[in-house]
Amino acid sequence: MILTMDEIVNAICLHIAERKQIRPQDVQVELFWDEDTGYSAEVWAEGRSQYLVESNMIEAIMRYLYSEYNIRAYREQIALDLDEEITAHVDVEMEQAY
């Protein structure tokens, strides 16, 4: 299963909104990849900016997979990738969704 960049952004928005108890549409996200630091995201919420590292992004993706697709995935099953855009490759079978 592959999550698009839009789905990753949605996952982060939902994750931050739940943690801060705000609406997902009040969260803005920009994804980054850097040769030295790897994958990260800058998040704006409640007038403040914060950075998420790759493990925080994967945590948001795990929660998104469960809430949107009813798939329980482990960290080891999720890998971020950069082609033309940042995507998340999830190593689960769709039959696993229940």
# chains A, B, ... in the order shown; residues from 1 in each chain; ligands from 1

call {"tool": "residues_around", "arguments": {"residues": "Tyr39 (chain A)", "least_positions_apart": "3", "cutoff": "12 Å", "atoms": "only C-alpha atoms", "output": "CSV table (one decimal) with C-alpha atoms, in the first residue's frame"}}
result
chain,number,residue,atom,x,y,z
A,8,ILE,CA,0.7,12.0,4.7
A,30,GLU,CA,4.9,21.3,4.8
A,31,LEU,CA,7.0,18.1,4.2
A,32,PHE,CA,10.8,18.2,3.7
A,33,TRP,CA,13.6,15.9,2.8
A,34,ASP,CA,17.2,16.8,3.5
A,35,GLU,CA,20.4,14.8,2.9
A,36,ASP,CA,21.6,15.4,6.4
A,42,GLU,CA,7.0,21.8,9.6
A,51,TYR,CA,9.1,20.5,13.4
A,52,LEU,CA,8.3,16.8,13.3
A,53,VAL,CA,11.1,14.3,12.7
A,54,GLU,CA,10.6,11.1,10.7
A,55,SER,CA,9.5,9.0,13.7
A,56,ASN,CA,6.8,11.6,14.6
A,57,MET,CA,5.6,11.5,11.0
A,58,ILE,CA,5.4,7.7,11.1
A,79,ALA,CA,9.0,3.5,5.0
A,80,LEU,CA,9.0,7.0,3.7
A,81,ASP,CA,10.3,7.4,0.1
A,82,LEU,CA,11.2,10.3,-2.2
A,85,GLU,CA,7.0,13.6,-4.0
A,86,ILE,CA,7.3,12.1,-0.6
A,87,THR,CA,5.3,8.9,-0.2
A,88,ALA,CA,4.9,6.3,2.5

call {"tool": "residues_around", "arguments": {"residues": "region 13-25 of chain A", "least_positions_apart": "2", "cutoff": "8 Å", "atoms": "only C-alpha atoms", "output": "ChimeraX atom specification"}}
result
/A:9-11,27-29,60,63-64

call {"tool": "write_last_selection", "arguments": {"atoms": "N, CA, C and O atoms", "output": "JSON list (two decimals), in the first residue's frame"}}
result
[["chain", "number", "residue", "atom", "x", "y", "z"],
["A", 9, "VAL", "N", 0.17, 14.36, 4.58],
["A", 9, "VAL", "CA", -0.19, 15.67, 5.14],
["A", 9, "VAL", "C", -1.47, 15.56, 5.94],
["A", 9, "VAL", "O", -1.57, 16.08, 7.06],
["A", 10, "ASN", "N", -2.48, 14.86, 5.40],
["A", 10, "ASN", "CA", -3.73, 14.67, 6.13],
["A", 10, "ASN", "C", -3.50, 13.93, 7.44],
["A", 10, "ASN", "O", -4.08, 14.28, 8.47],
["A", 11, "ALA", "N", -2.66, 12.91, 7.40],
["A", 11, "ALA", "CA", -2.35, 12.15, 8.61],
["A", 11, "ALA", "C", -1.75, 13.05, 9.68],
["A", 11, "ALA", "O", -2.14, 12.98, 10.86],
["A", 27, "VAL", "N", -4.66, 23.31, 10.90],
["A", 27, "VAL", "CA", -3.26, 22.85, 10.91],
["A", 27, "VAL", "C", -2.73, 22.91, 9.48],
["A", 27, "VAL", "O", -3.39, 22.49, 8.55],
["A", 28, "GLN", "N", -1.53, 23.46, 9.34],
["A", 28, "GLN", "CA", -0.86, 23.49, 8.03],
["A", 28, "GLN", "C", 0.43, 22.70, 8.14],
["A", 28, "GLN", "O", 1.12, 22.75, 9.17],
["A", 29, "VAL", "N", 0.76, 21.98, 7.08],
["A", 29, "VAL", "CA", 1.93, 21.10, 7.09],
["A", 29, "VAL", "C", 2.72, 21.28, 5.80],
["A", 29, "VAL", "O", 2.16, 21.38, 4.72],
["A", 60, "ALA", "N", 2.12, 9.50, 13.16],
["A", 60, "ALA", "CA", 0.90, 10.07, 12.60],
["A", 60, "ALA", "C", 0.32, 9.17, 11.51],
["A", 60, "ALA", "O", -0.89, 8.96, 11.43],
["A", 63, "ARG", "N", -1.46, 6.12, 13.06],
["A", 63, "ARG", "CA", -2.78, 6.47, 13.57],
["A", 63, "ARG", "C", -3.76, 6.68, 12.42],
["A", 63, "ARG", "O", -4.93, 6.30, 12.51],
["A", 64, "TYR", "N", -3.30, 7.29, 11.33],
["A", 64, "TYR", "CA", -4.13, 7.52, 10.15],
["A", 64, "TYR", "C", -4.56, 6.20, 9.52],
["A", 64, "TYR", "O", -5.73, 6.02, 9.16]]

call {"tool": "select_by_dssp", "arguments": {"residues": "chain A", "states": "strand (DSSP E or B)", "output": "number ranges by chain"}}
result
A: 2-3, 27-34, 38-45, 48-53, 78-82, 86-90

call {"tool": "atom_distance", "arguments": {"atom1": "CA of Asp91 (chain A)", "atom2": "CA of Arg75 (chain A)"}}
result
10.0 Å

call {"tool": "closest_residue", "arguments": {"among": "A:Leu65, A:Met1, A:Ala41, A:Ser49", "to": "Val90 (chain A)", "atoms": "only C-alpha atoms"}}
result
A:Met1

call {"tool": "atom_distance", "arguments": {"atom1": "CA of Glu93 (chain A)", "atom2": "CA of Glu7 (chain A)"}}
result
18.4 Å

call {"tool": "closest_residue", "arguments": {"among": "A:Ile78, A:Val92, A:Leu3, A:Ile71", "to": "Glu59 (chain A)", "atoms": "only C-alpha atoms"}}
result
A:Ile78

call {"tool": "closest_residue", "arguments": {"among": "A:Ala73, A:His89, A:Ile2, A:Asp26", "to": "Trp44 (chain A)", "atoms": "only C-alpha atoms"}}
result
A:Asp26

call {"tool": "atom_distance", "arguments": {"atom1": "CA of Glu76 (chain A)", "atom2": "CA of Met62 (chain A)"}}
result
10.7 Å

call {"tool": "select_by_dssp", "arguments": {"residues": "chain A", "states": "alpha helix (DSSP H)", "output": "PyMOL selection string"}}
result
chain A and resi 5-20+54-69

call {"tool": "write_last_selection", "arguments": {"atoms": "N, CA, C and O atoms", "output": "tab-separated table (two decimals), in the first residue's frame"}}
result
chain	number	residue	atom	x	y	z
A	5	MET	N	1.55	11.92	-0.88
A	5	MET	CA	1.98	13.06	-0.06
A	5	MET	C	0.77	13.74	0.57
A	5	MET	O	0.83	14.14	1.74
A	6	ASP	N	-0.33	13.84	-0.16
A	6	ASP	CA	-1.54	14.45	0.40
A	6	ASP	C	-2.06	13.66	1.60
A	6	ASP	O	-2.49	14.23	2.60
A	7	GLU	N	-2.00	12.33	1.50
A	7	GLU	CA	-2.45	11.51	2.62
A	7	GLU	C	-1.53	11.65	3.83
A	7	GLU	O	-1.98	11.65	4.97
A	8	ILE	N	-0.24	11.79	3.59
A	8	ILE	CA	0.72	12.00	4.69
A	8	ILE	C	0.42	13.32	5.37
A	8	ILE	O	0.38	13.41	6.60
A	9	VAL	N	0.17	14.36	4.58
A	9	VAL	CA	-0.19	15.67	5.14
A	9	VAL	C	-1.47	15.56	5.94
A	9	VAL	O	-1.57	16.08	7.06
A	10	ASN	N	-2.48	14.86	5.40
A	10	ASN	CA	-3.73	14.67	6.13
A	10	ASN	C	-3.50	13.93	7.44
A	10	ASN	O	-4.08	14.28	8.47
A	11	ALA	N	-2.66	12.91	7.40
A	11	ALA	CA	-2.35	12.15	8.61
A	11	ALA	C	-1.75	13.05	9.68
A	11	ALA	O	-2.14	12.98	10.86
A	12	ILE	N	-0.82	13.90	9.28
A	12	ILE	CA	-0.17	14.79	10.24
A	12	ILE	C	-1.17	15.82	10.76
A	12	ILE	O	-1.20	16.11	11.96
A	13	CYS	N	-2.00	16.36	9.87
A	13	CYS	CA	-3.02	17.34	10.30
A	13	CYS	C	-3.96	16.73	11.34
A	13	CYS	O	-4.25	17.34	12.37
A	14	LEU	N	-4.44	15.52	11.07
A	14	LEU	CA	-5.35	14.86	12.00
A	14	LEU	C	-4.65	14.57	13.33
A	14	LEU	O	-5.24	14.75	14.40
A	15	HIS	N	-3.41	14.14	13.26
A	15	HIS	CA	-2.63	13.80	14.46
A	15	HIS	C	-2.42	15.03	15.35
A	15	HIS	O	-2.68	15.00	16.55
A	16	ILE	N	-1.97	16.11	14.73
A	16	ILE	CA	-1.71	17.35	15.49
A	16	ILE	C	-3.02	17.92	16.03
A	16	ILE	O	-3.09	18.37	17.18
A	17	ALA	N	-4.06	17.90	15.21
A	17	ALA	CA	-5.36	18.44	15.65
A	17	ALA	C	-5.89	17.68	16.86
A	17	ALA	O	-6.39	18.28	17.81
A	18	GLU	N	-5.74	16.37	16.84
A	18	GLU	CA	-6.20	15.57	17.97
A	18	GLU	C	-5.38	15.88	19.23
A	18	GLU	O	-5.93	16.02	20.31
A	19	ARG	N	-4.09	15.99	19.06
A	19	ARG	CA	-3.22	16.26	20.22
A	19	ARG	C	-3.45	17.64	20.82
A	19	ARG	O	-3.37	17.82	22.02
A	20	LYS	N	-3.74	18.63	19.95
A	20	LYS	CA	-3.93	20.01	20.42
A	20	LYS	C	-5.40	20.35	20.63
A	20	LYS	O	-5.73	21.47	21.00
A	54	GLU	N	11.14	12.22	11.41
A	54	GLU	CA	10.57	11.07	10.71
A	54	GLU	C	9.75	10.17	11.63
A	54	GLU	O	8.67	9.71	11.26
A	55	SER	N	10.23	9.90	12.83
A	55	SER	CA	9.49	9.01	13.73
A	55	SER	C	8.14	9.60	14.12
A	55	SER	O	7.15	8.87	14.26
A	56	ASN	N	8.06	10.93	14.28
A	56	ASN	CA	6.78	11.57	14.57
A	56	ASN	C	5.83	11.46	13.37
A	56	ASN	O	4.63	11.26	13.54
A	57	MET	N	6.38	11.59	12.18
A	57	MET	CA	5.58	11.46	10.97
A	57	MET	C	5.03	10.04	10.85
A	57	MET	O	3.86	9.85	10.51
A	58	ILE	N	5.85	9.06	11.15
A	58	ILE	CA	5.41	7.66	11.06
A	58	ILE	C	4.34	7.37	12.10
A	58	ILE	O	3.37	6.66	11.83
A	59	GLU	N	4.47	7.96	13.29
A	59	GLU	CA	3.44	7.80	14.31
A	59	GLU	C	2.09	8.33	13.80
A	59	GLU	O	1.05	7.69	13.97
A	60	ALA	N	2.12	9.50	13.16
A	60	ALA	CA	0.90	10.07	12.60
A	60	ALA	C	0.32	9.17	11.51
A	60	ALA	O	-0.89	8.96	11.43
A	61	ILE	N	1.19	8.59	10.69
A	61	ILE	CA	0.75	7.69	9.62
A	61	ILE	C	0.12	6.43	10.22
A	61	ILE	O	-0.91	5.95	9.73
A	62	MET	N	0.71	5.90	11.28
A	62	MET	CA	0.16	4.71	11.93
A	62	MET	C	-1.26	4.98	12.43
A	62	MET	O	-2.16	4.17	12.24
A	63	ARG	N	-1.46	6.12	13.06
A	63	ARG	CA	-2.78	6.47	13.57
A	63	ARG	C	-3.76	6.68	12.42
A	63	ARG	O	-4.93	6.30	12.51
A	64	TYR	N	-3.30	7.29	11.33
A	64	TYR	CA	-4.13	7.52	10.15
A	64	TYR	C	-4.56	6.20	9.52
A	64	TYR	O	-5.73	6.02	9.16
A	65	LEU	N	-3.62	5.28	9.38
A	65	LEU	CA	-3.95	3.98	8.81
A	65	LEU	C	-5.04	3.28	9.62
A	65	LEU	O	-5.95	2.66	9.06
A	66	TYR	N	-4.94	3.39	10.93
A	66	TYR	CA	-5.94	2.73	11.77
A	66	TYR	C	-7.29	3.45	11.70
A	66	TYR	O	-8.33	2.81	11.55
A	67	SER	N	-7.29	4.78	11.78
A	67	SER	CA	-8.56	5.50	11.80
A	67	SER	C	-9.25	5.53	10.43
A	67	SER	O	-10.47	5.47	10.35
A	68	GLU	N	-8.49	5.59	9.35
A	68	GLU	CA	-9.09	5.71	8.02
A	68	GLU	C	-9.26	4.38	7.30
A	68	GLU	O	-10.17	4.22	6.49
A	69	TYR	N	-8.36	3.43	7.54
A	69	TYR	CA	-8.39	2.16	6.81
A	69	TYR	C	-8.58	0.95	7.72
A	69	TYR	O	-8.61	-0.18	7.24
